[in-house]
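Enquirer: Quick one: this structure, given as structure tokens, is what I'll be asking you about.
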Amino acid sequence: MSFAYPGGIDCDIHPAVPSLQALLPYLDEHWREQVAVRGMDELASIAYPANSPLTARPDWKPAKGPAGADLVRLRREALDPFATSLAICNCLYGVQLLFSEDMAAAFARAVNDWMAKEWLDRDPRLRASIVVPPQSVERAVDEIERCAKDSRFVQVLLLVMGDQPLGKRHYWPIYAAAERHGLTIGIHAGSAYHNPPTPVGWPSYYTEDYVGQAQAFQSQLTSLICEGVFNRYPNLKVALLESGFTWLPAHLWRLTKYWRGLRMEIPWVDRAPTDIVRSNVRLSLQPVDGPPTSTKEGRDSLLRIIDHLQSDELLLFSTDYPHWQFDGNAVLPEGLPPDLIRKIMIDNPLATYSRLALTAAKEPVR
Amino acid sequence: MNVQIRDIQAADPAAGSRMAIADGDIHPARKSDRELFPWLAKRWQDELAGIGQRYRQPYQSGPAYPKSQPNAARRDAVPPGGGKPGCDLPFMQRQHLDPNNVALGILNPLGAGQGLQNPDFCAAMCAAVNEWQIAHWTSQDSRLKGSIVVSYEDAPAAVAEIRKWAGNPNFVQVMMLSRTGEPMGNRRYWPIYEAAAEAGLPLGVHAFGYGGHPITSGGYPTYYIEEMTGHAQCCQSGLTSLVIEGVFARTPALKLVMIEAGFAWAPSLAWRLDKTWKTLKQETPHLTRAPSEYIRDHVWWTTQPMEEPEPREHLLDTIGWIGWDRLIFATDYPHWDFDDPATALPLRISKEQRQGFFLDNAKRVYGVA
């Protein structure tokens, strides 16, 4: 099934760092030397094993090197087929996984400068998320301040599994900086692997790791809401990326029920979690973690679950390029009503990313 | 589907209690640890009094996330003669079993030593608690059935305990806690599942416990509400592991009852498992069917804490996807988040659905006439 939606805004694509070598020009002398002297390896996370079918759709996989590293292919495979007007680049190079906060800060800076020069400068449709080192909140804020000057950066990128739950006050300076600059907080699938990737320890199979991302998103949503992040930063928008979305209704039913019973513990949460999500939280479309829509029963069930979301403003168009979430151009599940499609493709992304409306005038990152 | 939702105000408060019901989650407590002494060797009596019960959590007694109520219990469930809520059978009969017309009550003892750091102490406590369930509860009230608590981190000891009680009509399931030291499908636990299947007993996995890992995959949260909500994620991970490791494929007779874990997350998890499995199939050749099929055939769910969407009719979609034959009503008596059978399911459903939900599904899975 062919699908193109002129003006559509893709909220999750993954340009890849081709190799550590490509970042060397963006590191200072000290770190260039560290890379060489220590024989540093690629910072490629086990969250996306290089040759797993999920990491690269077969027809998007190059003969050599990581998928998503080539701008020409990205245009041809991710942008042109869908008539995408803007696409937000979320670089998943494993900066957040390091233990040294200095090293993480240096690599975050390198990735952002590389992103601006190698991608944003070369295609006016591209926007990006600021990679920050959550290992050091202070340095993360510094990096936000540095990159926010470039209006093509529209979001701050965090991984869904880090050292501590993301609602903790420890991280609030990051949210304050994001709110100050009109940057969305994007929480993307993936782990620093500083904690076991499930609440019951390390699983045996990669399948479990990927399925488990949905549970991680549930926990982080709980944390952000219960800690009062949205009470303190009411204008903050949080986008859950590559999160799936069919888990959301059941999770909110549970959380809202416990909130009714336990709100004495978190009295600052003065609205039901369901309402907070409607005003402050958005989710990317792919992977669609619903029933297969090849049958009428499946399509009906998917529409029921979308009805359970009780809002047509929550979902954001995404291809998750080059990850393998759909075949051909069938990025939208079958059977969605046209009004909802327009919301998903254009209106919701524009409402979520206020910086998309800014002039895209190039302001080089220092 | 055209669904009428019954207004709770207009519901007849006695409607739920008129029919006989099963309660899939009742928590009996002991008045004191001395109740276990008849079945505890002197060494373990001394251990209780000396080193004490050390779990993979920081405090000697009481949780690091203080509960919302003393003992996480209903205030009105404290027996008139004192003691912990749930420790007094006549009072439990008067307050819960009789007025709610509980025909079948499943006992899930917490604080039974499951998850103690010392594996021998753990096994000794579990063995004593099993004896205690018969002496103090199931032999005193035929409506009550016990759960064989086992030292699941030590599979050989757990298997021995299951075999000891296999065929004993006082017990209708083998019980584990959800917060295991390794994901539940890990092969170190397989002998337990084989022994349960061999004994013809379902495996009941009750939320909670201390496996030594943070309750989120992103570290320890701050609040009790996060821990309570988080048990659902924890149970999703455990179930994912059971399915993907092939436990149901290898042990086709195994029945699993997820207890106090929530159930509305099941369809979404099953869809996600199917989609991911389809892409990554090469990794799990031991699975011969889609993950959702294993879940549909092997898993039951107790209902408390019942998810409460607004509008409530959304729950009918969810239960439809899970299967009306798979839910087992539960109250969680005497805990604070007790679901009242009179108000827990304010939805217009068929007589057969109601009968299954409140009684027959439990009777079938637990093999009770």
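By convention in this document, the chains of the structure tokens carry letters A, B, ... by their order, each chain's residues are numbered from 1, and ligands are numbered from 1 in the order they are shown.
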Check every residue of chain B for an atom within 8 Å of chain A, counting only C-alpha atoms, and provide those that qualify as a PyMOL selection string.

Expert: chain B and resi 68+179-184+186+211+213-226+228-230+233-234+236-238+240-241+244-245+262+264-265+268-269+271-273+275-277+279-280+283+305-309+314+317+337

Enquirer: As a PDB file with C-alpha atoms, in the first residue's frame, please: every residue in segment 223-293 of chain B that DSSP puts in alpha helix (DSSP H).

Expert:
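Below is the file that was written, part-v6.pdb:
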```pdb
ATOM      1  CA  TYR B 224       4.875   3.852  47.246  1.00  0.00           C
ATOM      2  CA  ILE B 225       2.367   4.648  44.497  1.00  0.00           C
ATOM      3  CA  GLU B 226       5.147   4.071  41.965  1.00  0.00           C
ATOM      4  CA  GLU B 227       5.992   0.728  43.498  1.00  0.00           C
ATOM      5  CA  MET B 228       2.333  -0.309  43.514  1.00  0.00           C
ATOM      6  CA  THR B 229       1.816   0.790  39.929  1.00  0.00           C
ATOM      7  CA  GLY B 230       5.137  -0.781  38.998  1.00  0.00           C
ATOM      8  CA  HIS B 231       4.080  -4.299  39.911  1.00  0.00           C
ATOM      9  CA  ALA B 232       2.201  -4.368  36.629  1.00  0.00           C
ATOM     10  CA  GLN B 233       5.396  -3.679  34.672  1.00  0.00           C
ATOM     11  CA  CYS B 234       7.239  -6.222  36.758  1.00  0.00           C
ATOM     12  CA  CYS B 235       4.615  -8.864  36.010  1.00  0.00           C
ATOM     13  CA  GLN B 236       4.671  -7.987  32.312  1.00  0.00           C
ATOM     14  CA  SER B 237       8.414  -8.668  32.317  1.00  0.00           C
ATOM     15  CA  GLY B 238       7.937 -11.961  34.140  1.00  0.00           C
ATOM     16  CA  LEU B 239       5.260 -13.101  31.726  1.00  0.00           C
ATOM     17  CA  THR B 240       7.335 -12.005  28.733  1.00  0.00           C
ATOM     18  CA  SER B 241      10.154 -14.153  30.038  1.00  0.00           C
ATOM     19  CA  LEU B 242       7.927 -17.196  30.611  1.00  0.00           C
ATOM     20  CA  VAL B 243       6.602 -16.961  27.064  1.00  0.00           C
ATOM     21  CA  ILE B 244       9.820 -16.135  25.212  1.00  0.00           C
ATOM     22  CA  VAL B 247       8.191 -22.402  29.360  1.00  0.00           C
ATOM     23  CA  PHE B 248       4.675 -22.954  27.981  1.00  0.00           C
ATOM     24  CA  ALA B 249       6.040 -24.592  24.845  1.00  0.00           C
ATOM     25  CA  ARG B 250       8.038 -27.037  26.961  1.00  0.00           C
ATOM     26  CA  ALA B 266      -2.477  -8.195  28.743  1.00  0.00           C
ATOM     27  CA  PRO B 267      -3.804  -7.464  25.226  1.00  0.00           C
ATOM     28  CA  SER B 268      -1.230  -4.754  24.541  1.00  0.00           C
ATOM     29  CA  LEU B 269       1.599  -6.961  25.785  1.00  0.00           C
ATOM     30  CA  ALA B 270       0.375  -9.863  23.655  1.00  0.00           C
ATOM     31  CA  TRP B 271       0.220  -7.671  20.532  1.00  0.00           C
ATOM     32  CA  ARG B 272       3.680  -6.312  21.149  1.00  0.00           C
ATOM     33  CA  LEU B 273       5.071  -9.783  21.807  1.00  0.00           C
ATOM     34  CA  ASP B 274       3.570 -11.057  18.563  1.00  0.00           C
ATOM     35  CA  LYS B 275       4.878  -8.182  16.514  1.00  0.00           C
ATOM     36  CA  THR B 276       8.389  -8.386  17.959  1.00  0.00           C
ATOM     37  CA  TRP B 277       8.482 -12.186  17.766  1.00  0.00           C
ATOM     38  CA  LYS B 278       7.511 -12.056  14.104  1.00  0.00           C
ATOM     39  CA  THR B 279      10.476  -9.794  13.317  1.00  0.00           C
ATOM     40  CA  LEU B 280      12.987 -11.604  15.519  1.00  0.00           C
ATOM     41  CA  PRO B 291       3.297 -15.592  21.904  1.00  0.00           C
ATOM     42  CA  SER B 292      -0.322 -14.445  22.180  1.00  0.00           C
ATOM     43  CA  GLU B 293      -1.492 -18.018  21.674  1.00  0.00           C
TER      44      GLU B 293
END
```

Enquirer: For Arg74 of chain B, find every residue with an atom within 6 Å (counting only C-alpha atoms), except residues of its own chain fewer than 5 positions away, and show them as a PyMOL selection string.

Expert: chain B and resi 334-336

Enquirer: Near Leu201 of chain B, counting only C-alpha atoms, which residues have an atom at most 8 Å away, once you skip same-chain residues fewer than 6 positions from it, shown as a list in words?

Expert: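 Using only C-alpha atoms, the neighbours found are Val172, Gln173, Val174, Leu254, Lys255 and Tyr366 of chain B.
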
Enquirer: I need the residue nearest Ile328 of chain B from this list: B:His206, B:Arg163, B:Arg364, B:Arg18. Use only C-alpha atoms for the distance.

Expert: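 Closest to Ile328 of chain B of all the choices is B:Arg364.
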
Enquirer: Work out how far atom CA of Gln45 of chain B is from atom CA of Pro156 of chain B, in Å to one decimal.

Expert: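 Answer for the atom CA of Pro156 of chain B to atom CA of Gln45 of chain B separation: 23.0 Å.
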
Enquirer: Counting only C-alpha atoms, what is within 12 Å of Met115 of chain A, bar same-chain residues fewer than 2 positions away, as a ChimeraX atom specification?

Expert: /A:14-18,22-23,26,69,71,88-93,107-113,117-123,126-131,147,150,152-153,364-365

Enquirer: Save the residues we just selected, N, CA and C atoms, as a tab-separated table (two decimals), in the first residue's frame?

Expert:
```tsv
chain	number	residue	atom	x	y	z
A	14	HIS	N	16.36	7.95	12.42
A	14	HIS	CA	17.64	7.68	13.08
A	14	HIS	C	18.83	7.72	12.15
A	15	PRO	N	19.33	8.90	11.87
A	15	PRO	CA	20.62	8.97	11.18
A	15	PRO	C	21.68	8.33	12.08
A	16	ALA	N	22.53	7.53	11.47
A	16	ALA	CA	23.51	6.78	12.26
A	16	ALA	C	24.90	7.37	12.11
A	17	VAL	N	25.62	7.39	13.21
A	17	VAL	CA	27.05	7.71	13.15
A	17	VAL	C	27.72	6.54	12.44
A	18	PRO	N	28.36	6.77	11.29
A	18	PRO	CA	28.90	5.65	10.53
A	18	PRO	C	29.99	4.91	11.29
A	22	ALA	N	34.18	9.03	12.36
A	22	ALA	CA	33.45	10.17	11.82
A	22	ALA	C	33.28	11.29	12.85
A	23	LEU	N	33.39	10.93	14.14
A	23	LEU	CA	33.22	11.94	15.18
A	23	LEU	C	34.53	12.63	15.56
A	26	TYR	N	35.09	16.27	15.50
A	26	TYR	CA	34.25	17.06	16.41
A	26	TYR	C	34.66	16.90	17.87
A	69	ALA	N	23.13	5.68	7.78
A	69	ALA	CA	24.31	6.54	7.83
A	69	ALA	C	24.48	7.38	6.57
A	71	LEU	N	22.95	9.99	3.83
A	71	LEU	CA	21.89	10.99	3.62
A	71	LEU	C	21.11	10.75	2.32
A	88	ILE	N	12.47	14.68	12.30
A	88	ILE	CA	13.30	14.92	13.48
A	88	ILE	C	14.28	13.76	13.67
A	89	CYS	N	15.57	14.12	13.66
A	89	CYS	CA	16.64	13.12	13.76
A	89	CYS	C	16.96	12.82	15.22
A	90	ASN	N	16.84	11.57	15.59
A	90	ASN	CA	17.22	11.14	16.93
A	90	ASN	C	18.39	10.18	16.80
A	91	CYS	N	19.56	10.69	17.12
A	91	CYS	CA	20.76	9.88	16.97
A	91	CYS	C	20.92	8.97	18.19
A	92	LEU	N	21.04	7.67	17.92
A	92	LEU	CA	21.06	6.71	19.02
A	92	LEU	C	22.48	6.21	19.34
A	93	TYR	N	23.48	6.95	18.91
A	93	TYR	CA	24.86	6.57	19.27
A	93	TYR	C	24.96	6.52	20.80
A	107	PHE	N	31.40	13.41	23.95
A	107	PHE	CA	30.77	12.72	22.82
A	107	PHE	C	29.41	13.30	22.47
A	108	ALA	N	28.68	13.75	23.47
A	108	ALA	CA	27.38	14.37	23.19
A	108	ALA	C	27.59	15.61	22.32
A	109	ARG	N	28.56	16.39	22.73
A	109	ARG	CA	28.88	17.61	21.98
A	109	ARG	C	29.31	17.27	20.54
A	110	ALA	N	30.11	16.24	20.42
A	110	ALA	CA	30.58	15.83	19.09
A	110	ALA	C	29.40	15.37	18.23
A	111	VAL	N	28.52	14.58	18.82
A	111	VAL	CA	27.37	14.07	18.05
A	111	VAL	C	26.50	15.24	17.58
A	112	ASN	N	26.28	16.21	18.45
A	112	ASN	CA	25.42	17.33	18.07
A	112	ASN	C	26.07	18.19	16.97
A	113	ASP	N	27.35	18.41	17.08
A	113	ASP	CA	28.03	19.21	16.04
A	113	ASP	C	28.07	18.45	14.71
A	117	LYS	N	26.29	19.65	11.18
A	117	LYS	CA	27.08	19.84	9.97
A	117	LYS	C	26.78	18.81	8.88
A	118	GLU	N	26.68	17.54	9.27
A	118	GLU	CA	26.58	16.47	8.28
A	118	GLU	C	25.14	16.23	7.83
A	119	TRP	N	24.18	16.66	8.62
A	119	TRP	CA	22.78	16.36	8.28
A	119	TRP	C	21.95	17.64	8.13
A	120	LEU	N	21.87	18.42	9.19
A	120	LEU	CA	20.97	19.58	9.15
A	120	LEU	C	21.39	20.58	8.07
A	121	ASP	N	22.69	20.76	7.94
A	121	ASP	CA	23.19	21.71	6.93
A	121	ASP	C	22.91	21.22	5.51
A	122	ARG	N	22.70	19.93	5.37
A	122	ARG	CA	22.65	19.36	4.02
A	122	ARG	C	21.24	19.08	3.52
A	123	ASP	N	20.26	19.15	4.42
A	123	ASP	CA	18.89	18.97	3.94
A	123	ASP	C	17.95	19.83	4.78
A	126	LEU	N	15.44	18.54	7.59
A	126	LEU	CA	15.84	17.84	8.81
A	126	LEU	C	15.89	18.77	10.03
A	127	ARG	N	15.41	18.25	11.12
A	127	ARG	CA	15.56	18.86	12.43
A	127	ARG	C	16.18	17.79	13.34
A	128	ALA	N	16.57	18.17	14.55
A	128	ALA	CA	17.24	17.17	15.38
A	128	ALA	C	16.97	17.36	16.86
A	129	SER	N	17.28	16.30	17.59
A	129	SER	CA	17.25	16.33	19.05
A	129	SER	C	18.66	16.55	19.57
A	130	ILE	N	18.73	17.26	20.68
A	130	ILE	CA	20.02	17.49	21.31
A	130	ILE	C	20.38	16.26	22.15
A	131	VAL	N	21.48	15.63	21.82
A	131	VAL	CA	21.96	14.52	22.65
A	131	VAL	C	22.65	15.12	23.86
A	147	CYS	N	23.31	24.27	22.35
A	147	CYS	CA	22.66	23.88	21.09
A	147	CYS	C	21.35	24.63	20.85
A	150	ASP	N	20.67	27.12	18.06
A	150	ASP	CA	20.35	26.67	16.70
A	150	ASP	C	18.90	26.18	16.70
A	152	ARG	N	17.19	24.69	14.73
A	152	ARG	CA	16.90	23.40	14.11
A	152	ARG	C	16.92	22.27	15.14
A	153	PHE	N	17.44	22.54	16.30
A	153	PHE	CA	17.32	21.57	17.40
A	153	PHE	C	15.99	21.84	18.09
A	364	PRO	N	24.64	28.73	13.24
A	364	PRO	CA	25.59	27.64	13.46
A	364	PRO	C	25.89	27.42	14.93
A	365	VAL	N	26.06	26.17	15.25
A	365	VAL	CA	26.46	25.80	16.61
A	365	VAL	C	27.93	26.16	16.76
```

Enquirer: What does the distance from atom CA of Gly113 of chain B to atom CA of Ala199 of chain B come to in Å, to one decimal?

Expert: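 Straight-line distance from atom CA of Gly113 of chain B to atom CA of Ala199 of chain B works out to 22.6 Å.
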
Enquirer: For the atom pair atom CA of Glu260 of chain B and atom CA of Ala330 of chain B, what is the interatomic distance in Å to one decimal place?

Expert: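 These two atoms are separated by 8.2 Å.
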
Enquirer: From segment 177-313 of chain A, collect each residue whose DSSP state is strand (DSSP E) and return the set as JSON, numbers by chain.

Expert: {"A": [184, 185, 186, 187, 188, 189, 190, 191, 238, 239, 240, 241, 281, 282, 283, 284]}

Enquirer: Kindly indicate which residue among A:Ile346, A:Leu224, A:Val269, A:Ala177 lies nearest to Glu313 of chain A, using only C-alpha atoms for the distances.

Expert: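 Smallest separation from Glu313 of chain A among the options: A:Ile346.
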
Enquirer: Residues near Pro63 of chain B, anyone? I mean within 12 Å using only C-alpha atoms, not counting same-chain ones fewer than 3 positions away, as a PyMOL selection string.

Expert: chain B and resi 54-60+66-68+70-72+111+208-210+223-224+227

Enquirer: Write the residues of the selection above to a file with N, CA and C atoms, as a compact mmCIF listing (two decimals), in the first residue's frame.

Expert:
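Result file follows (part-v4.txt):
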```txt
# COMPACT_ATOMS: atom_id res chain seq x y z
N ARG B 54 15.79 -11.66 56.81
CA ARG B 54 16.51 -10.71 55.94
C ARG B 54 16.15 -10.97 54.48
N TYR B 55 15.46 -9.98 53.91
CA TYR B 55 15.12 -10.05 52.49
C TYR B 55 16.08 -9.16 51.71
N ARG B 56 15.90 -9.13 50.38
CA ARG B 56 16.73 -8.24 49.57
C ARG B 56 16.12 -6.85 49.57
N GLN B 57 16.03 -6.30 50.77
CA GLN B 57 15.52 -4.94 50.96
C GLN B 57 16.10 -4.44 52.28
N PRO B 58 16.05 -3.13 52.53
CA PRO B 58 16.90 -2.59 53.59
C PRO B 58 16.48 -2.80 55.05
N TYR B 59 15.20 -2.96 55.34
CA TYR B 59 14.79 -2.89 56.74
C TYR B 59 14.56 -4.26 57.39
N GLN B 60 14.77 -4.29 58.70
CA GLN B 60 14.54 -5.53 59.46
C GLN B 60 13.08 -5.92 59.45
N PRO B 66 7.02 3.01 52.80
CA PRO B 66 5.95 2.78 53.79
C PRO B 66 4.60 2.71 53.10
N LYS B 67 3.76 1.77 53.55
CA LYS B 67 2.44 1.59 52.95
C LYS B 67 1.55 2.78 53.27
N SER B 68 0.37 2.77 52.68
CA SER B 68 -0.55 3.89 52.91
C SER B 68 -1.37 3.69 54.17
N PRO B 70 -1.51 1.05 57.98
CA PRO B 70 -0.77 0.02 58.72
C PRO B 70 -1.02 -1.35 58.09
N ASN B 71 0.05 -2.08 57.85
CA ASN B 71 -0.03 -3.40 57.24
C ASN B 71 -0.75 -3.40 55.90
N ALA B 72 -0.83 -2.25 55.25
CA ALA B 72 -1.51 -2.12 53.95
C ALA B 72 -2.95 -2.62 54.02
N GLY B 111 4.48 -12.72 53.42
CA GLY B 111 5.32 -12.81 54.61
C GLY B 111 5.59 -14.26 54.98
N PHE B 208 4.53 -8.64 44.05
CA PHE B 208 5.35 -8.28 45.23
C PHE B 208 6.56 -9.18 45.40
N GLY B 209 7.18 -9.06 46.55
CA GLY B 209 8.41 -9.79 46.83
C GLY B 209 9.62 -8.88 46.66
N TYR B 210 10.78 -9.48 46.93
CA TYR B 210 12.02 -8.71 46.83
C TYR B 210 13.05 -9.53 46.08
N TYR B 223 8.29 6.82 45.31
CA TYR B 223 7.04 6.73 46.08
C TYR B 223 6.41 5.34 46.06
N TYR B 224 5.65 5.09 47.11
CA TYR B 224 4.87 3.85 47.25
C TYR B 224 3.92 3.68 46.07
N GLU B 227 5.74 2.15 43.31
CA GLU B 227 5.99 0.73 43.50
C GLU B 227 4.72 -0.07 43.20
```

Enquirer: When distances are computed from only C-alpha atoms, which of B:Ala253, B:Ile295, B:Leu287, B:Ala112 shows the smallest separation from Ser147 of chain B?

Expert: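 With only C-alpha atoms as the atom set, the closest residue is B:Ala112.
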
Enquirer: Would you list the contacts of Asp325 of chain B as a PyMOL selection string, taking every protein, DNA or RNA residue within 9 Å and counting only C-alpha atoms, but skipping same-chain residues closer than 2 positions in sequence?

Expert: chain B and resi 300+322-323+327-328+353+356-357+360-361

Enquirer: Put those residues in a file: C-alpha atoms, as an mmCIF file, in the first residue's frame.

Expert:
```
data_model
loop_
_atom_site.group_PDB
_atom_site.id
_atom_site.type_symbol
_atom_site.label_atom_id
_atom_site.label_comp_id
_atom_site.auth_asym_id
_atom_site.auth_seq_id
_atom_site.Cartn_x
_atom_site.Cartn_y
_atom_site.Cartn_z
ATOM 1 C CA TRP B 300 -5.595 -16.656 33.955
ATOM 2 C CA ILE B 322 -8.430 -11.437 27.024
ATOM 3 C CA GLY B 323 -11.397 -13.826 27.167
ATOM 4 C CA LEU B 327 -10.675 -13.698 34.750
ATOM 5 C CA ILE B 328 -10.947 -14.710 38.381
ATOM 6 C CA GLN B 353 -20.128 -13.903 31.800
ATOM 7 C CA GLY B 356 -17.698 -17.188 35.003
ATOM 8 C CA PHE B 357 -16.127 -13.977 36.239
ATOM 9 C CA ASP B 360 -16.900 -20.656 37.569
ATOM 10 C CA ASN B 361 -13.576 -19.600 36.041
#
```
